[in-house]
>>> print(open('my_file-v7.tsv').read())   # TSV, N, CA and C atoms
chain	number	residue	atom	x	y	z
U	1	MET	N	-12.74	30.02	17.92
U	1	MET	CA	-11.86	29.22	17.09
U	1	MET	C	-12.69	28.44	16.07
U	2	PRO	N	-12.12	28.16	14.89
U	2	PRO	CA	-12.87	27.53	13.83
U	2	PRO	C	-13.34	26.11	14.12
U	3	ASN	N	-12.54	25.29	14.78
U	3	ASN	CA	-12.93	23.93	15.10
U	3	ASN	C	-12.09	23.39	16.23
U	4	PRO	N	-12.48	22.24	16.79
U	4	PRO	CA	-11.74	21.71	17.94
U	4	PRO	C	-10.33	21.24	17.61
U	5	ASN	N	-10.00	21.10	16.33
U	5	ASN	CA	-8.66	20.67	15.95
U	5	ASN	C	-7.68	21.83	15.80
U	6	THR	N	-8.07	23.02	16.21
U	6	THR	CA	-7.19	24.17	16.10
U	6	THR	C	-6.05	24.05	17.11
U	7	VAL	N	-4.85	24.30	16.63
U	7	VAL	CA	-3.66	24.28	17.48
U	7	VAL	C	-3.06	25.68	17.47
U	8	GLU	N	-2.65	26.16	18.63
U	8	GLU	CA	-2.08	27.50	18.75
U	8	GLU	C	-0.59	27.44	19.03
U	9	THR	N	0.14	28.35	18.39
U	9	THR	CA	1.57	28.51	18.59
U	9	THR	C	1.80	29.99	18.90
U	10	THR	N	2.46	30.28	20.01
U	10	THR	CA	2.66	31.67	20.42
U	10	THR	C	4.15	31.97	20.57
U	11	PHE	N	4.56	33.15	20.11
U	11	PHE	CA	5.96	33.57	20.20
U	11	PHE	C	6.03	35.09	20.06
U	12	HIS	N	7.19	35.64	20.34
U	12	HIS	CA	7.44	37.07	20.16
U	12	HIS	C	8.02	37.30	18.76
U	13	VAL	N	7.61	38.39	18.12
U	13	VAL	CA	8.16	38.76	16.83
U	13	VAL	C	9.65	39.05	17.01
U	14	ARG	N	10.46	38.46	16.15
U	14	ARG	CA	11.90	38.64	16.20
U	14	ARG	C	12.31	39.88	15.40
U	15	TYR	N	13.37	40.51	15.83
U	15	TYR	CA	13.85	41.73	15.16
U	15	TYR	C	14.15	41.47	13.69
U	16	ALA	N	14.71	40.31	13.37
U	16	ALA	CA	15.07	39.97	12.00
U	16	ALA	C	13.85	39.89	11.07
U	17	GLU	N	12.66	39.81	11.63
U	17	GLU	CA	11.44	39.71	10.83
U	17	GLU	C	10.83	41.07	10.50
U	18	THR	N	11.49	42.13	10.93
U	18	THR	CA	10.90	43.47	10.79
U	18	THR	C	11.74	44.36	9.88
U	19	ASP	N	11.11	45.45	9.45
U	19	ASP	CA	11.82	46.45	8.68
U	19	ASP	C	12.37	47.51	9.63
U	20	GLN	N	12.89	48.60	9.09
U	20	GLN	CA	13.51	49.65	9.91
U	20	GLN	C	12.53	50.31	10.87
U	21	MET	N	11.24	50.23	10.56
U	21	MET	CA	10.22	50.84	11.43
U	21	MET	C	9.70	49.85	12.48
U	22	GLY	N	10.24	48.63	12.49
U	22	GLY	CA	9.80	47.63	13.45
U	22	GLY	C	8.55	46.88	13.02
U	23	VAL	N	8.10	47.07	11.77
U	23	VAL	CA	6.91	46.39	11.25
U	23	VAL	C	7.33	45.06	10.63
U	24	VAL	N	6.57	44.02	10.91
U	24	VAL	CA	6.88	42.70	10.36
U	24	VAL	C	6.76	42.72	8.84
U	25	HIS	N	7.77	42.19	8.17
U	25	HIS	CA	7.75	42.09	6.71
U	25	HIS	C	6.73	41.03	6.31
U	26	HIS	N	6.02	41.28	5.22
U	26	HIS	CA	4.95	40.38	4.81
U	26	HIS	C	5.41	38.94	4.60
U	27	ALA	N	6.64	38.73	4.17
U	27	ALA	CA	7.13	37.38	3.91
U	27	ALA	C	7.30	36.56	5.20
U	28	ALA	N	7.47	37.22	6.33
U	28	ALA	CA	7.63	36.50	7.60
U	28	ALA	C	6.40	35.67	7.93
U	29	TYR	N	5.25	36.14	7.48
U	29	TYR	CA	4.01	35.42	7.78
U	29	TYR	C	4.01	34.02	7.18
U	30	VAL	N	4.62	33.86	6.01
U	30	VAL	CA	4.68	32.54	5.39
U	30	VAL	C	5.46	31.57	6.27
U	31	VAL	N	6.54	32.05	6.87
U	31	VAL	CA	7.31	31.22	7.80
U	31	VAL	C	6.48	30.90	9.04
U	32	TRP	N	5.72	31.87	9.52
U	32	TRP	CA	4.86	31.64	10.69
U	32	TRP	C	3.81	30.57	10.39
U	33	LEU	N	3.25	30.59	9.17
U	33	LEU	CA	2.26	29.58	8.80
U	33	LEU	C	2.89	28.19	8.83
U	34	GLU	N	4.11	28.10	8.34
U	34	GLU	CA	4.81	26.81	8.38
U	34	GLU	C	4.98	26.34	9.82
U	35	GLU	N	5.34	27.24	10.69
U	35	GLU	CA	5.48	26.86	12.10
U	35	GLU	C	4.14	26.41	12.67
U	36	GLY	N	3.06	27.07	12.27
U	36	GLY	CA	1.73	26.65	12.70
U	36	GLY	C	1.41	25.24	12.25
U	37	ARG	N	1.73	24.92	10.97
U	37	ARG	CA	1.49	23.56	10.46
U	37	ARG	C	2.33	22.54	11.20
U	38	SER	N	3.59	22.87	11.41
U	38	SER	CA	4.48	21.94	12.11
U	38	SER	C	3.98	21.67	13.53
U	39	GLU	N	3.54	22.71	14.20
U	39	GLU	CA	3.02	22.53	15.56
U	39	GLU	C	1.71	21.74	15.54
U	40	TRP	N	0.87	21.95	14.51
U	40	TRP	CA	-0.37	21.16	14.39
U	40	TRP	C	-0.02	19.68	14.32
U	41	MET	N	0.98	19.34	13.52
U	41	MET	CA	1.41	17.94	13.38
U	41	MET	C	1.89	17.39	14.72
U	42	ARG	N	2.75	18.15	15.40
U	42	ARG	CA	3.28	17.69	16.69
U	42	ARG	C	2.18	17.54	17.72
U	43	ALA	N	1.29	18.52	17.80
U	43	ALA	CA	0.21	18.49	18.80
U	43	ALA	C	-0.74	17.31	18.57
U	44	ASN	N	-0.80	16.84	17.33
U	44	ASN	CA	-1.68	15.73	17.02
U	44	ASN	C	-0.94	14.39	16.95
U	45	GLY	N	0.30	14.38	17.42
U	45	GLY	CA	1.02	13.13	17.59
U	45	GLY	C	1.90	12.68	16.45
U	46	SER	N	2.28	13.57	15.56
U	46	SER	CA	3.15	13.17	14.46
U	46	SER	C	4.08	14.33	14.10
U	47	SER	N	4.66	14.26	12.90
U	47	SER	CA	5.56	15.32	12.45
U	47	SER	C	5.78	15.17	10.95
U	48	TYR	N	6.33	16.23	10.36
U	48	TYR	CA	6.71	16.15	8.95
U	48	TYR	C	7.77	15.07	8.76
U	49	ALA	N	8.64	14.90	9.74
U	49	ALA	CA	9.70	13.89	9.63
U	49	ALA	C	9.10	12.50	9.44
U	50	ARG	N	7.99	12.22	10.11
U	50	ARG	CA	7.36	10.90	9.94
U	50	ARG	C	6.75	10.75	8.55
U	51	PHE	N	6.19	11.81	8.00
U	51	PHE	CA	5.71	11.76	6.62
U	51	PHE	C	6.88	11.38	5.71
U	52	GLU	N	8.01	12.05	5.92
U	52	GLU	CA	9.17	11.82	5.07
U	52	GLU	C	9.71	10.41	5.23
U	53	GLN	N	9.63	9.84	6.42
U	53	GLN	CA	10.06	8.46	6.62
U	53	GLN	C	9.22	7.49	5.79
U	54	ASP	N	7.98	7.87	5.49
U	54	ASP	CA	7.10	7.05	4.65
U	54	ASP	C	7.25	7.38	3.17
U	55	GLY	N	8.25	8.19	2.83
U	55	GLY	CA	8.50	8.52	1.43
U	55	GLY	C	7.61	9.61	0.87
U	56	LEU	N	6.96	10.37	1.73
U	56	LEU	CA	6.06	11.44	1.29
U	56	LEU	C	6.67	12.81	1.55
U	57	ARG	N	6.28	13.75	0.74
U	57	ARG	CA	6.64	15.15	0.94
U	57	ARG	C	5.36	15.98	0.79
U	58	MET	N	5.30	17.09	1.48
U	58	MET	CA	4.16	18.00	1.36
U	58	MET	C	4.69	19.29	0.74
U	59	ALA	N	4.34	19.53	-0.51
U	59	ALA	CA	4.82	20.71	-1.23
U	59	ALA	C	3.73	21.77	-1.24
U	60	VAL	N	4.09	22.98	-0.85
U	60	VAL	CA	3.13	24.08	-0.87
U	60	VAL	C	2.80	24.41	-2.31
U	61	SER	N	1.50	24.40	-2.64
U	61	SER	CA	1.07	24.72	-4.00
U	61	SER	C	0.32	26.06	-4.06
U	62	GLU	N	-0.12	26.55	-2.90
U	62	GLU	CA	-0.84	27.83	-2.88
U	62	GLU	C	-0.75	28.44	-1.48
U	63	VAL	N	-0.55	29.76	-1.44
U	63	VAL	CA	-0.55	30.52	-0.18
U	63	VAL	C	-1.45	31.73	-0.40
U	64	ASN	N	-2.36	31.97	0.54
U	64	ASN	CA	-3.21	33.14	0.48
U	64	ASN	C	-3.21	33.77	1.86
U	65	ILE	N	-2.81	35.03	1.94
U	65	ILE	CA	-2.77	35.75	3.22
U	65	ILE	C	-3.51	37.07	3.05
U	66	ARG	N	-4.42	37.33	3.97
U	66	ARG	CA	-5.10	38.63	4.01
U	66	ARG	C	-4.60	39.35	5.26
U	67	TYR	N	-3.85	40.41	5.04
U	67	TYR	CA	-3.28	41.17	6.15
U	67	TYR	C	-4.32	42.16	6.65
U	68	ARG	N	-4.54	42.19	7.95
U	68	ARG	CA	-5.54	43.07	8.53
U	68	ARG	C	-4.93	44.20	9.35
U	69	GLN	N	-3.92	43.87	10.14
U	69	GLN	CA	-3.22	44.87	10.96
U	69	GLN	C	-1.74	44.53	10.97
U	70	ALA	N	-0.92	45.53	11.12
U	70	ALA	CA	0.52	45.30	11.18
U	70	ALA	C	0.90	44.62	12.51
U	71	ALA	N	1.93	43.80	12.44
U	71	ALA	CA	2.56	43.24	13.64
U	71	ALA	C	3.91	43.92	13.79
U	72	PHE	N	4.38	44.03	15.02
U	72	PHE	CA	5.59	44.81	15.31
U	72	PHE	C	6.60	44.00	16.11
U	73	TYR	N	7.83	44.47	16.05
U	73	TYR	CA	8.91	43.84	16.80
U	73	TYR	C	8.52	43.66	18.27
U	74	ASP	N	8.81	42.48	18.79
U	74	ASP	CA	8.61	42.07	20.18
U	74	ASP	C	7.14	41.87	20.56
U	75	GLN	N	6.24	42.08	19.63
U	75	GLN	CA	4.83	41.81	19.90
U	75	GLN	C	4.66	40.29	20.06
U	76	LYS	N	3.83	39.90	20.98
U	76	LYS	CA	3.55	38.49	21.18
U	76	LYS	C	2.38	38.11	20.26
U	77	VAL	N	2.63	37.16	19.34
U	77	VAL	CA	1.61	36.75	18.39
U	77	VAL	C	1.29	35.26	18.55
U	78	THR	N	0.08	34.90	18.18
U	78	THR	CA	-0.36	33.51	18.19
U	78	THR	C	-0.79	33.13	16.79
U	79	ILE	N	-0.31	31.98	16.36
U	79	ILE	CA	-0.74	31.42	15.08
U	79	ILE	C	-1.75	30.32	15.42
U	80	ARG	N	-2.97	30.45	14.93
U	80	ARG	CA	-3.99	29.41	15.08
U	80	ARG	C	-4.04	28.64	13.77
U	81	CYS	N	-3.92	27.33	13.83
U	81	CYS	CA	-3.86	26.51	12.63
U	81	CYS	C	-4.83	25.34	12.75
U	82	TRP	N	-5.52	25.03	11.65
U	82	TRP	CA	-6.43	23.90	11.62
U	82	TRP	C	-6.49	23.36	10.19
U	83	ILE	N	-7.02	22.18	10.04
U	83	ILE	CA	-7.20	21.60	8.72
U	83	ILE	C	-8.60	21.96	8.23
U	84	GLU	N	-8.67	22.52	7.04
U	84	GLU	CA	-9.96	22.86	6.43
U	84	GLU	C	-10.48	21.75	5.53
U	85	LYS	N	-9.57	21.10	4.80
U	85	LYS	CA	-10.03	20.10	3.84
U	85	LYS	C	-8.89	19.14	3.51
U	86	VAL	N	-9.24	17.86	3.36
U	86	VAL	CA	-8.29	16.86	2.90
U	86	VAL	C	-8.90	16.19	1.67
U	87	LEU	N	-8.17	16.22	0.58
U	87	LEU	CA	-8.57	15.53	-0.64
U	87	LEU	C	-7.59	14.36	-0.86
U	88	SER	N	-7.75	13.62	-1.91
U	88	SER	CA	-6.91	12.45	-2.12
U	88	SER	C	-5.43	12.80	-2.29
U	89	ARG	N	-5.14	13.99	-2.81
U	89	ARG	CA	-3.75	14.38	-3.06
U	89	ARG	C	-3.39	15.75	-2.49
U	90	GLN	N	-4.30	16.35	-1.76
U	90	GLN	CA	-4.09	17.73	-1.30
U	90	GLN	C	-4.69	17.93	0.08
U	91	ILE	N	-4.07	18.83	0.83
U	91	ILE	CA	-4.59	19.24	2.13
U	91	ILE	C	-4.62	20.76	2.17
U	92	LYS	N	-5.65	21.30	2.81
U	92	LYS	CA	-5.77	22.75	2.95
U	92	LYS	C	-5.79	23.07	4.44
U	93	PHE	N	-4.84	23.89	4.87
U	93	PHE	CA	-4.77	24.37	6.25
U	93	PHE	C	-5.32	25.79	6.30
U	94	GLY	N	-6.03	26.12	7.38
U	94	GLY	CA	-6.49	27.47	7.64
U	94	GLY	C	-5.73	28.05	8.81
U	95	TYR	N	-5.64	29.39	8.87
U	95	TYR	CA	-4.86	30.06	9.91
U	95	TYR	C	-5.50	31.40	10.28
U	96	LYS	N	-5.28	31.77	11.52
U	96	LYS	CA	-5.47	33.15	11.96
U	96	LYS	C	-4.22	33.53	12.73
U	97	VAL	N	-3.70	34.69	12.42
U	97	VAL	CA	-2.58	35.26	13.17
U	97	VAL	C	-3.18	36.35	14.02
U	98	VAL	N	-3.03	36.22	15.34
U	98	VAL	CA	-3.66	37.17	16.25
U	98	VAL	C	-2.66	37.71	17.25
U	99	ASP	N	-2.96	38.89	17.77
U	99	ASP	CA	-2.20	39.44	18.89
U	99	ASP	C	-2.49	38.55	20.09
U	100	ALA	N	-1.46	38.02	20.72
U	100	ALA	CA	-1.65	37.05	21.80
U	100	ALA	C	-2.34	37.65	23.02
U	101	GLU	N	-2.25	38.96	23.20
U	101	GLU	CA	-2.85	39.58	24.38
U	101	GLU	C	-4.24	40.14	24.11
U	102	THR	N	-4.41	40.82	22.97
U	102	THR	CA	-5.71	41.45	22.69
U	102	THR	C	-6.61	40.57	21.83
U	103	HIS	N	-6.03	39.58	21.19
U	103	HIS	CA	-6.73	38.67	20.27
U	103	HIS	C	-7.19	39.37	18.99
U	104	ALA	N	-6.68	40.56	18.74
U	104	ALA	CA	-6.98	41.24	17.48
U	104	ALA	C	-6.42	40.42	16.32
U	105	ILE	N	-7.20	40.31	15.26
U	105	ILE	CA	-6.76	39.53	14.10
U	105	ILE	C	-5.76	40.37	13.30
U	106	LEU	N	-4.56	39.83	13.13
U	106	LEU	CA	-3.53	40.49	12.34
U	106	LEU	C	-3.54	40.02	10.90
U	107	ALA	N	-3.87	38.74	10.69
U	107	ALA	CA	-3.93	38.18	9.34
U	107	ALA	C	-4.76	36.91	9.36
U	108	GLU	N	-5.36	36.62	8.21
U	108	GLU	CA	-6.07	35.36	8.00
U	108	GLU	C	-5.46	34.73	6.76
U	109	ALA	N	-5.33	33.40	6.76
U	109	ALA	CA	-4.63	32.76	5.66
U	109	ALA	C	-5.09	31.33	5.44
U	110	TYR	N	-4.69	30.82	4.29
U	110	TYR	CA	-4.78	29.38	4.06
U	110	TYR	C	-3.62	28.98	3.17
U	111	THR	N	-3.23	27.72	3.29
U	111	THR	CA	-2.24	27.14	2.39
U	111	THR	C	-2.78	25.83	1.88
U	112	LYS	N	-2.44	25.53	0.64
U	112	LYS	CA	-2.75	24.22	0.07
U	112	LYS	C	-1.42	23.53	-0.19
U	113	LEU	N	-1.37	22.26	0.21
U	113	LEU	CA	-0.17	21.47	0.00
U	113	LEU	C	-0.55	20.22	-0.78
U	114	ILE	N	0.30	19.84	-1.72
U	114	ILE	CA	0.09	18.61	-2.45
U	114	ILE	C	1.10	17.58	-1.95
U	115	TYR	N	0.73	16.33	-2.08
U	115	TYR	CA	1.60	15.24	-1.66
U	115	TYR	C	2.38	14.74	-2.84
U	116	VAL	N	3.68	14.61	-2.66
U	116	VAL	CA	4.54	14.09	-3.70
U	116	VAL	C	5.41	12.98	-3.12
U	117	ASP	N	5.82	12.06	-4.01
U	117	ASP	CA	6.72	11.00	-3.57
U	117	ASP	C	8.16	11.50	-3.63
U	118	GLU	N	9.10	10.61	-3.34
U	118	GLU	CA	10.50	11.01	-3.27
U	118	GLU	C	11.06	11.47	-4.62
U	119	GLN	N	10.38	11.08	-5.71
U	119	GLN	CA	10.81	11.52	-7.04
U	119	GLN	C	10.12	12.81	-7.47
U	120	GLY	N	9.25	13.35	-6.63
U	120	GLY	CA	8.57	14.60	-6.93
U	120	GLY	C	7.28	14.43	-7.70
U	121	ASN	N	6.79	13.19	-7.82
U	121	ASN	CA	5.53	12.93	-8.50
U	121	ASN	C	4.36	13.09	-7.54
U	122	VAL	N	3.30	13.76	-8.00
U	122	VAL	CA	2.11	13.90	-7.17
U	122	VAL	C	1.55	12.51	-6.88
U	123	THR	N	1.18	12.29	-5.64
U	123	THR	CA	0.70	10.97	-5.23
U	123	THR	C	-0.47	11.10	-4.28
U	124	GLN	N	-1.19	10.02	-4.10
U	124	GLN	CA	-2.32	10.02	-3.16
U	124	GLN	C	-1.80	9.92	-1.73
U	125	ILE	N	-2.58	10.50	-0.83
U	125	ILE	CA	-2.26	10.41	0.59
U	125	ILE	C	-2.66	9.00	1.05
U	126	PRO	N	-1.73	8.24	1.62
U	126	PRO	CA	-2.10	6.90	2.11
U	126	PRO	C	-3.17	6.98	3.19
U	127	LYS	N	-3.96	5.92	3.28
U	127	LYS	CA	-5.09	5.86	4.21
U	127	LYS	C	-4.67	6.19	5.64
U	128	LYS	N	-3.56	5.65	6.12
U	128	LYS	CA	-3.16	5.91	7.52
U	128	LYS	C	-2.96	7.40	7.76
U	129	TRP	N	-2.46	8.12	6.73
U	129	TRP	CA	-2.26	9.56	6.91
U	129	TRP	C	-3.56	10.32	6.75
U	130	ARG	N	-4.47	9.87	5.88
U	130	ARG	CA	-5.79	10.49	5.80
U	130	ARG	C	-6.51	10.33	7.14
U	131	ASP	N	-6.40	9.14	7.73
U	131	ASP	CA	-7.00	8.91	9.05
U	131	ASP	C	-6.41	9.86	10.09
U	132	PHE	N	-5.09	10.01	10.08
U	132	PHE	CA	-4.42	10.92	11.01
U	132	PHE	C	-4.91	12.35	10.81
U	133	LEU	N	-5.08	12.75	9.58
U	133	LEU	CA	-5.51	14.11	9.27
U	133	LEU	C	-6.98	14.35	9.57
U	134	GLY	N	-7.68	13.28	9.97
U	134	GLY	CA	-9.05	13.43	10.42
U	134	GLY	C	-10.10	13.41	9.33
U	135	GLN	N	-9.74	12.97	8.16
U	135	GLN	CA	-10.68	12.93	7.04
U	135	GLN	C	-10.53	11.61	6.30
U	136	PRO	N	-10.88	10.48	6.92
U	136	PRO	CA	-10.60	9.17	6.34
U	136	PRO	C	-11.38	8.83	5.07
U	137	ASP	N	-12.47	9.51	4.79
U	137	ASP	CA	-13.32	9.12	3.68
U	137	ASP	C	-13.05	9.89	2.40
U	138	ARG	N	-12.03	10.71	2.35
U	138	ARG	CA	-11.81	11.51	1.13
U	138	ARG	C	-10.59	11.04	0.39
>>> encode(input="my_file-v7.tsv", output="structure tokens")
Amino acid sequence: MPNPNTVETTFHVRYAETDQMGVVHHAAYVVWLEEGRSEWMRANGSSYARFEQDGLRMAVSEVNIRYRQAAFYDQKVTIRCWIEKVLSRQIKFGYKVVDAETHAILAEAYTKLIYVDEQGNVTQIPKKWRDFLGQPDR
């Protein structure tokens, strides 16, 4: 695993996420990454809802996915998620999507999210949230 802050989320591929051949559609991975981020927040004692209570939003500004192997209907997959970098207005999450049983890498990814206020203006991440994200000095 990339670092000790990695959080894993495991589930079975749903039929609705696949094409007629039972192969996971590429767009499903973006939803899986979101679930990985959400679980990272919960596992570390917070949630997106708490960010929103403080008037913050996290808007995805970039998604990069490298597909290595196909995933199939009913396959058990694990999303590994960690924080790669926190800047004053941006956070970068890293991911690996793996077969839960064989640990074969199905995809590697990262997302960048920017922080915006309730009016949609880019804003700095408050210190308490930078501390929570594990990068208080950036």
>>> atom_distance(input="my_file-v7.tsv", atom1="atom C of Gln90 of chain U", atom2="atom C of Leu113 of chain U")
4.8 Å
>>> residues_around(input="my_file-v7.tsv", residues="Val63 of chain U", least_positions_apart="6", cutoff="7 Å", atoms="all atoms listed in the file", output="ChimeraX atom specification")
/U:109-112
>>> closest_residue(input="my_file-v7.tsv", among="U:Phe11, U:Phe72, U:Phe51, U:Tyr67", to="Val24 of chain U", atoms="all atoms listed in the file")
U:Phe72
>>> atom_distance(input="my_file-v7.tsv", atom1="atom N of Leu33 of chain U", atom2="atom N of Ala59 of chain U")
14.7 Å
>>> select_by_dssp(input="my_file-v7.tsv", residues="segment 1-131 of chain U", states="alpha helix (DSSP H)", output="MDAnalysis selection string")
chainID U and resid 28:43 48:53 127:131
>>> write_last_selection(input="my_file-v7.tsv", atoms="N, CA and C atoms", output="compact mmCIF listing (two decimals), keeping the file's coordinate frame")
# COMPACT_ATOMS: atom_id res chain seq x y z
N ALA U 28 7.47 37.22 6.33
CA ALA U 28 7.63 36.50 7.60
C ALA U 28 6.40 35.67 7.93
N TYR U 29 5.25 36.14 7.48
CA TYR U 29 4.01 35.42 7.78
C TYR U 29 4.01 34.02 7.18
N VAL U 30 4.62 33.86 6.01
CA VAL U 30 4.68 32.54 5.39
C VAL U 30 5.46 31.57 6.27
N VAL U 31 6.54 32.05 6.87
CA VAL U 31 7.31 31.22 7.80
C VAL U 31 6.48 30.90 9.04
N TRP U 32 5.72 31.87 9.52
CA TRP U 32 4.86 31.64 10.69
C TRP U 32 3.81 30.57 10.39
N LEU U 33 3.25 30.59 9.17
CA LEU U 33 2.26 29.58 8.80
C LEU U 33 2.89 28.19 8.83
N GLU U 34 4.11 28.10 8.34
CA GLU U 34 4.81 26.81 8.38
C GLU U 34 4.98 26.34 9.82
N GLU U 35 5.34 27.24 10.69
CA GLU U 35 5.48 26.86 12.10
C GLU U 35 4.14 26.41 12.67
N GLY U 36 3.06 27.07 12.27
CA GLY U 36 1.73 26.65 12.70
C GLY U 36 1.41 25.24 12.25
N ARG U 37 1.73 24.92 10.97
CA ARG U 37 1.49 23.56 10.46
C ARG U 37 2.33 22.54 11.20
N SER U 38 3.59 22.87 11.41
CA SER U 38 4.48 21.94 12.11
C SER U 38 3.98 21.67 13.53
N GLU U 39 3.54 22.71 14.20
CA GLU U 39 3.02 22.53 15.56
C GLU U 39 1.71 21.74 15.54
N TRP U 40 0.87 21.95 14.51
CA TRP U 40 -0.37 21.16 14.39
C TRP U 40 -0.02 19.68 14.32
N MET U 41 0.98 19.34 13.52
CA MET U 41 1.41 17.94 13.38
C MET U 41 1.89 17.39 14.72
N ARG U 42 2.75 18.15 15.40
CA ARG U 42 3.28 17.69 16.69
C ARG U 42 2.18 17.54 17.72
N ALA U 43 1.29 18.52 17.80
CA ALA U 43 0.21 18.49 18.80
C ALA U 43 -0.74 17.31 18.57
N TYR U 48 6.33 16.23 10.36
CA TYR U 48 6.71 16.15 8.95
C TYR U 48 7.77 15.07 8.76
N ALA U 49 8.64 14.90 9.74
CA ALA U 49 9.70 13.89 9.63
C ALA U 49 9.10 12.50 9.44
N ARG U 50 7.99 12.22 10.11
CA ARG U 50 7.36 10.90 9.94
C ARG U 50 6.75 10.75 8.55
N PHE U 51 6.19 11.81 8.00
CA PHE U 51 5.71 11.76 6.62
C PHE U 51 6.88 11.38 5.71
N GLU U 52 8.01 12.05 5.92
CA GLU U 52 9.17 11.82 5.07
C GLU U 52 9.71 10.41 5.23
N GLN U 53 9.63 9.84 6.42
CA GLN U 53 10.06 8.46 6.62
C GLN U 53 9.22 7.49 5.79
N LYS U 127 -3.96 5.92 3.28
CA LYS U 127 -5.09 5.86 4.21
C LYS U 127 -4.67 6.19 5.64
N LYS U 128 -3.56 5.65 6.12
CA LYS U 128 -3.16 5.91 7.52
C LYS U 128 -2.96 7.40 7.76
N TRP U 129 -2.46 8.12 6.73
CA TRP U 129 -2.26 9.56 6.91
C TRP U 129 -3.56 10.32 6.75
N ARG U 130 -4.47 9.87 5.88
CA ARG U 130 -5.79 10.49 5.80
C ARG U 130 -6.51 10.33 7.14
N ASP U 131 -6.40 9.14 7.73
CA ASP U 131 -7.00 8.91 9.05
C ASP U 131 -6.41 9.86 10.09
